[in-house]
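Chemist: First the structure, then my questions, so here it is.
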Amino acid sequence: MKRPAELVFIPGAGIGHVVSTIEIAKLLVSHDDRLFITLLIMKRPFDKLFTNTDSSISPRINFVNLPETTDLSCFKFFVENQKTQVRDAVAKLVESNQSGSSKPRLSGFVVDMFCTTMIDVANEFGVPSYVFFTSSAACLGLLFHLQTLRDEHGKDVAEFMHSDSDLVVPSFVNPLPASVLPGKLLDKESAESFLNYARRFRETKGILVNTFWELESHALHSISYGKNPPVYPVGPLLNLKSSDDDKGWDILSWLDDQPPLSVVFLCFGSMGSFGEAQVKEIACALEHTGFRFLWSLRQPPPKGKMALPSDYADPSRVLPQGFLDRTAKTGKVIGWAPQVDILAHSSIGGFVSHCGWNSMLESLWYGVPVATWPIPHFGCFSETPIKELGLAVEIKMDYRKDSEVVVSAQDIERGIRQVMEHNSVIRKRVKEMSESNKKSLMNGGSSYSSLGRFNDQI
Ligand SMILES: O=c1ccn([C@@H]2O[C@H](COP(=O)(O)OP(=O)(O)O[C@H]3O[C@H](CO)[C@@H](O)[C@H](O)[C@H]3O)[C@@H](O)[C@H]2O)c(=O)[nH]1
């Protein structure tokens, strides 16, 4: 019998990365009873995890909170600066595992897509690394493609920044207009970091991706070849546990009073917020459509400060005058939303989203069609694969026109009307995909089998 094995997981900072990493850890240990996992959690002072990081979730999962860092000048350096802490934590783990032959042996690191620098630490301990890619396979394919263009064809990807041409990217079904590529991916300074992530992915023994075959078969085929390490689609990895705070209860009981499919939900992820002019356009669109709405409205962090948006003490400050009174019977403006509970509610008819990959997977799980309003932060964009599959309608598309460009109330209204249509083809397709979604994780399903293949090589 094989000796028990221990994997060290290094999730990226932020809810969009930590939650799915905890879910993959839970799935892996439930599939293999000789596996132990230690998660090293990096925290910035403003990170709210909104998730359970105590070890009671499984006796074979252990959380270690790394000391909080205050130097937040740059994300890349934030991760780099954690190397010493990671090294120390792993050394302690190895030492405590030496005390008995029944203790697990360190078998590898699973590093977040943005923590590839930790591959160096895995190498110091003489164990292999794997990547956990928290976004879509299409996005992973794009990173590989840009890196190949750069390293093998000498192409300067910054050229695409101002280009109007189409780009043939193997992980996308249709050519991509250069204008939809996130500026961060092409910008001279940040592009090099992204290309470097892709270079380092290729050094690893495998890439776990939070997706499933039925959703992204085209993208997955396109990256499962030649020089790339084996790719394991193991999603959707979602924490569907209900919120138990009082605020959440108030929102859900409001939804209980609304008719089925009548409410449009607007929420822009953990990092999404708008300036006052854009907030007013959204409010006008909502009022004009007359649909019931639930709107997670959050205020931007102070300019130049690395922080997350926060809830408004008084949202009427940025809304059109009298908006809250006029819509009191049909709408609710909230701060942080218990998103999965909301998407699960039968009154929700459509979701206006910034297209973070977790949000996309959550809405597909519950069969809620999406109106896409991408706000790319780290250059991972998720709405294109969803739209290519006919699972979403579009509000805003051009990434280069960043958040400073105000989307008009008319464009928002058009998107909301489309996404709320009851008998649309999109709604039907989303429902069908919702079924495949659930099957992929069941015994014999595509993600279930992928997990088995991954476990076999640990
Ligand atoms: O009010 C809110 C806002 C968000 N969420 C949850 O927070 C998560 C947000 O994740 P995601 O939708 O992926 O958005 P981001 O927080 O923006 O995620 C980052 O990480 C993702 C995974 O790599 C990338 O796809 C995104 O582009 C990147 O911005 C989801 O589980 C939401 O349910 C809430 O519960 N309430």
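Note on naming: chains are A, B, ... as they come in the structure tokens, residues start from 1 per chain, ligands start from 1 in the order shown.
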Hey, which residues sit close to ligand 1? Say within 9 Å, counting only C-alpha atoms and all ligand atoms, and write them as a PyMOL selection string.
Modeler: chain A and resi 12+14-17+19-20+50+113+133-136+210+238-240+267-272+296-298+334-341+343+353-362+374-382
Chemist: Pick the closest to Ser171 of chain A from A:Gln258, A:Ser242, A:Ser222, A:Ser446: which is it, counting only C-alpha atoms?
Modeler: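 Under the stated criterion, the closest residue is A:Ser222.
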Chemist: For the atom pair atom CA of Phe109 of chain A and atom CA of Pro385 of chain A, what is the interatomic distance in Å to one decimal place?
Modeler: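 About the pair atom CA of Phe109 of chain A and atom CA of Pro385 of chain A: they are 29.0 Å apart.
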Chemist: Which neighbours of Leu391 of chain A fall inside 8 Å, counting only C-alpha atoms, when residues of the same chain fewer than 5 positions from it are skipped, and could you give them as an MDAnalysis selection string?
Modeler: chainID A and resid 369:370 386 426:427 429:430
Chemist: For all heavy atoms, I'd like the residues from the last selection saved as an mmCIF file, in the first residue's frame.
Modeler:
data_model
loop_
_atom_site.group_PDB
_atom_site.id
_atom_site.type_symbol
_atom_site.label_atom_id
_atom_site.label_comp_id
_atom_site.auth_asym_id
_atom_site.auth_seq_id
_atom_site.Cartn_x
_atom_site.Cartn_y
_atom_site.Cartn_z
ATOM 1 N N PRO A 369 -29.483 33.066 -16.888
ATOM 2 C CA PRO A 369 -28.742 33.702 -17.993
ATOM 3 C C PRO A 369 -28.058 34.991 -17.567
ATOM 4 O O PRO A 369 -28.535 35.695 -16.672
ATOM 5 C CB PRO A 369 -29.815 33.978 -19.044
ATOM 6 C CG PRO A 369 -31.116 33.688 -18.437
ATOM 7 C CD PRO A 369 -30.933 33.062 -17.094
ATOM 8 N N VAL A 370 -26.953 35.287 -18.251
ATOM 9 C CA VAL A 370 -26.104 36.426 -17.859
ATOM 10 C C VAL A 370 -26.107 37.508 -18.944
ATOM 11 O O VAL A 370 -26.100 37.199 -20.127
ATOM 12 C CB VAL A 370 -24.650 35.928 -17.654
ATOM 13 C CG1 VAL A 370 -23.686 37.082 -17.485
ATOM 14 C CG2 VAL A 370 -24.572 35.006 -16.452
ATOM 15 N N ILE A 386 -18.368 32.069 -22.659
ATOM 16 C CA ILE A 386 -19.775 31.932 -22.299
ATOM 17 C C ILE A 386 -20.642 32.454 -23.457
ATOM 18 O O ILE A 386 -21.657 31.865 -23.815
ATOM 19 C CB ILE A 386 -20.064 32.734 -21.004
ATOM 20 C CG1 ILE A 386 -19.267 32.157 -19.835
ATOM 21 C CG2 ILE A 386 -21.535 32.790 -20.650
ATOM 22 C CD1 ILE A 386 -19.665 30.784 -19.388
ATOM 23 N N ILE A 426 -31.413 31.597 -25.242
ATOM 24 C CA ILE A 426 -30.315 31.621 -24.269
ATOM 25 C C ILE A 426 -30.740 30.957 -22.955
ATOM 26 O O ILE A 426 -30.033 30.123 -22.388
ATOM 27 C CB ILE A 426 -29.841 33.071 -24.045
ATOM 28 C CG1 ILE A 426 -29.031 33.501 -25.259
ATOM 29 C CG2 ILE A 426 -29.029 33.225 -22.763
ATOM 30 C CD1 ILE A 426 -28.468 34.871 -25.210
ATOM 31 N N ARG A 427 -31.933 31.296 -22.478
ATOM 32 C CA ARG A 427 -32.403 30.705 -21.214
ATOM 33 C C ARG A 427 -32.476 29.177 -21.335
ATOM 34 O O ARG A 427 -32.105 28.439 -20.417
ATOM 35 C CB ARG A 427 -33.768 31.296 -20.833
ATOM 36 C CG ARG A 427 -34.222 30.925 -19.403
ATOM 37 C CD ARG A 427 -35.521 31.611 -19.021
ATOM 38 N NE ARG A 427 -35.418 33.050 -19.008
ATOM 39 C CZ ARG A 427 -34.908 33.777 -18.015
ATOM 40 N NH1 ARG A 427 -34.468 33.174 -16.929
ATOM 41 N NH2 ARG A 427 -34.832 35.086 -18.104
ATOM 42 N N ARG A 429 -30.719 27.221 -23.384
ATOM 43 C CA ARG A 429 -29.360 26.655 -23.437
ATOM 44 C C ARG A 429 -28.726 26.642 -22.044
ATOM 45 O O ARG A 429 -28.045 25.699 -21.672
ATOM 46 C CB ARG A 429 -28.476 27.506 -24.344
ATOM 47 C CG ARG A 429 -28.749 27.286 -25.781
ATOM 48 C CD ARG A 429 -27.473 27.582 -26.586
ATOM 49 N NE ARG A 429 -27.831 27.670 -27.976
ATOM 50 C CZ ARG A 429 -27.814 28.803 -28.683
ATOM 51 N NH1 ARG A 429 -27.418 29.918 -28.141
ATOM 52 N NH2 ARG A 429 -28.165 28.805 -29.950
ATOM 53 N N VAL A 430 -28.946 27.729 -21.296
ATOM 54 C CA VAL A 430 -28.345 27.821 -19.953
ATOM 55 C C VAL A 430 -28.904 26.692 -19.071
ATOM 56 O O VAL A 430 -28.174 26.056 -18.310
ATOM 57 C CB VAL A 430 -28.612 29.213 -19.338
ATOM 58 C CG1 VAL A 430 -28.244 29.250 -17.870
ATOM 59 C CG2 VAL A 430 -27.831 30.286 -20.080
#
Chemist: Assign secondary structure with DSSP using the backbone only, and return the residues of segment 286-411 of chain A in alpha helix (DSSP H) as a PyMOL selection string.
Modeler: chain A and resi 286-289+323-326+339-343+357-365+383-388+409-411
Chemist: So how many Å separate atom CA of Val279 of chain A and atom CA of Arg326 of chain A, to one decimal?
Modeler: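 Distance between the two atoms: 16.2 Å.
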Chemist: Please provide the set of residues having any atom within 9 Å of Ser107 of chain A, restricted to only C-alpha atoms, with same-chain residues fewer than 3 positions apart removed, written as an MDAnalysis selection string.
Modeler: chainID A and resid 5:8 104 127:128 458
Chemist: Would you save the residues from that selection as a compact mmCIF listing (two decimals), in the first residue's frame, using N, CA, C and O atoms?
Modeler:
# COMPACT_ATOMS: atom_id res chain seq x y z
N ALA A 5 0.05 10.69 1.33
CA ALA A 5 0.73 11.79 0.63
C ALA A 5 0.17 13.12 1.09
O ALA A 5 -1.02 13.23 1.40
N GLU A 6 1.05 14.13 1.15
CA GLU A 6 0.61 15.47 1.54
C GLU A 6 0.87 16.45 0.39
O GLU A 6 1.97 16.52 -0.15
N LEU A 7 -0.17 17.21 0.04
CA LEU A 7 0.02 18.28 -0.94
C LEU A 7 -0.06 19.62 -0.23
O LEU A 7 -0.91 19.80 0.64
N VAL A 8 0.81 20.54 -0.61
CA VAL A 8 0.73 21.90 -0.09
C VAL A 8 0.05 22.76 -1.16
O VAL A 8 0.49 22.77 -2.31
N PRO A 104 2.17 11.43 6.45
CA PRO A 104 2.28 11.59 5.00
C PRO A 104 3.62 12.18 4.57
O PRO A 104 4.23 12.95 5.31
N VAL A 127 10.16 18.57 -4.76
CA VAL A 127 8.86 17.94 -5.09
C VAL A 127 8.26 18.65 -6.32
O VAL A 127 8.57 19.81 -6.59
N PRO A 128 7.40 17.93 -7.05
CA PRO A 128 6.81 18.55 -8.26
C PRO A 128 5.77 19.61 -7.93
O PRO A 128 5.22 19.64 -6.83
N ILE A 458 -0.33 11.26 -7.96
CA ILE A 458 0.28 11.87 -6.76
C ILE A 458 1.09 10.81 -6.01
O ILE A 458 0.59 9.72 -5.76
Chemist: Given only C-alpha atoms as the basis, pick out the residue of A:Leu294, A:Ile207, A:Leu142, A:Ala89 nearest to Val121 of chain A.
Modeler: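 Looking at the shortest contact to Val121 of chain A, the residue is A:Ala89.
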Chemist: Apply DSSP to the backbone of this structure and, from segment 98-130 of chain A, keep only the residues in strand (DSSP E or B); write these as a PyMOL selection string.
Modeler: chain A and resi 105-112+129-130
Chemist: Between A:Trp213, A:Phe125, A:Phe160, A:Tyr366, which one has atoms that come closest to Ala138 of chain A, using only C-alpha atoms?
Modeler: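 Going through A:Trp213, A:Phe125, A:Phe160, A:Tyr366 one by one, the smallest distance to Ala138 of chain A is for A:Trp213.
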Chemist: Tell me which protein, DNA and RNA residues are within 8 Å of segment 410-418 of chain A, counting only C-alpha atoms, leaving out same-chain ones fewer than 5 positions away, and put them as a VMD selection string.
Modeler: chain A and resid 264 282 285 to 286 288 to 289 350 352 371 393 to 395
Chemist: Have a look at atom CA of Ala122 of chain A and atom CA of Ala25 of chain A and let me know their distance in Å, one decimal.
Modeler: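 Pair atom CA of Ala122 of chain A / atom CA of Ala25 of chain A returns 18.1 Å.
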